[in-house]
Every structure is written in structure tokens, then in C-alpha cells.
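> What follows is a single structure, and I will ask about it in a moment.
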Amino acid sequence: MKIQNLIKTGFLAGLIAALLNVTIFFISTFIGSISKNVLLPDGNPLSIAPVVMSTFLSGLVASLVLFALSKFSKNSIKTFSIIGFVFLVVSMAGPFGTPNLPIGMRITLALMHLVAGLVIIYFLTKKSNATNEI
């Protein structure tokens with residue numbers, strides 16, 4: 001696999017996932033499931049900047065992970081998919097393990113995690129398979 005292609009794909013996946021999560025953020029803020037009155041463990045309310053940055057960076061990091069796997073694994077796409085889904089399940093500890101969050105906010109955060117993970121996994125695995133770079 002070519003690192004340049006994977007980074008481009010990771011960039012695109014992170015961008016699309018971030019845009020979807022921004023949409024979820026604004027809808028959730030509008031309907032009241034995200035409130036500025038609810039503080040996260042760092043003492044700040046959830047804002048758009050960490051949502052965008054964490055989603056976008058996840059796409060880039062995932063592309064680097066897939067690149068590394070392509071160098072050490074015969075079936076890097078399958079291995080990446082498994083690791084990605086395991087990481088996605090583990091990431092649910094954030095929304096559901098953070099104390100004192102209202103259920104609406106937990107569901108919204110879990111939905112954002114799912115969107116980010118599924119979009120990134122989909123783009124990186126499908127794009128890599130389609131271009132036969134393995």
C-alpha cells in the first residue's frame with residue numbers, strides 16, 4: 001500500500017466523519033441532548049472543536065495503522081477491520097463510562113463514536129481493496 005494514498009483516504013474519511021459528527025452535534029444541541037451545563041471529566045462542556053479534531057485525527061491515525069499492518073500482515077484489511085471494530089467497541093467506554101452524563105448525551109456521544117469508527121473503517125477498507133494496493 002502506498003502511504004500517500006492511505007493518508008489521502010484517511011484524510012477524506014476523517015473529514016466526512018467529522019462533518020457527520022458536526023451535524024449530529026448541532027442537531028443534538030438543538031434538541032437538548034447536549035447541554036453546555038453538563039461538564040465532561042476535563043471540566044469543560046462538550047464543544048465542536050474537540051469533536052472535529054478527534055474525529056479527523058482518528059482517520060489519519062487509522063490510515064497509518066493500516067499502512068503499518070500492510071507491511072507486517074498478509075491480510076492487512078481483515079486485520080485492520082478486526083482491530084478497528086475492537087477499538088470501536090472499546091471506545092464506547094467513554095460515553096457509557098463517564099459518570100454523571102445524562103442518557104441523551106451518552107447516546108449522542110456513542111452515536112458520534114459509531115459514525116467516526118464506521119466511516120473510517122469503511123473508507124480505508126473499501127478504498128484499499130478497490131485500488132488493489134495490497
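By order in the C-alpha cells, chains are A, B, ...; within a chain, residues start at 1; ligands start at 1, following the order shown.
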I'd like the neighbourhood of region 56-62 of chain A as a VMD selection string, where a residue qualifies if any of its atoms comes within 9 Å (using only C-alpha atoms), though same-chain residues fewer than 2 positions away should be ignored.
chain A and resid 6 to 18 51 to 54 64 to 67 80 84 116 to 117 119 to 121 124
> Identify all residues of chain A in helix (DSSP H, G or I) (DSSP on the backbone) and supply them as a ChimeraX atom specification.
/A:3-31,48-72,76-91,93-97,103-130
> So how far away is CA of Leu114 (chain A) from CA of Asn21 (chain A), in Å?
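Between these atoms lies a distance of 9.8 Å.
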> Give me the residues near Pro45 (chain A) as a list in words, where near means some atom within 12 Å (using only C-alpha atoms) and where sequence neighbours in that chain fewer than 6 positions away do not count.
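Those residues are Thr29, Ile34, Ser35, Lys36, Asn37, Val38, Leu39, Val51, Leu101 and Met105 of chain A.
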> Looking at A:Val86, A:Ala68, A:Met1, A:Leu46, which one is nearest to Leu109 (chain A), with distances taken over only C-alpha atoms?
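Once distances to Leu109 (chain A) are computed over only C-alpha atoms, the minimum belongs to A:Leu46.
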> I'd like to know which of A:Asn100, A:Ile24, A:His113, A:Ser63 is closest to Ser81 (chain A), using only C-alpha atoms.
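Between A:Asn100, A:Ile24, A:His113, A:Ser63, the residue approaching Ser81 (chain A) most closely is A:Ser63.
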> Between A:Arg106, A:Ile77, A:Phe123, A:Pro99, which one has atoms that come closest to Pro41 (chain A), using only C-alpha atoms?
A:Pro99
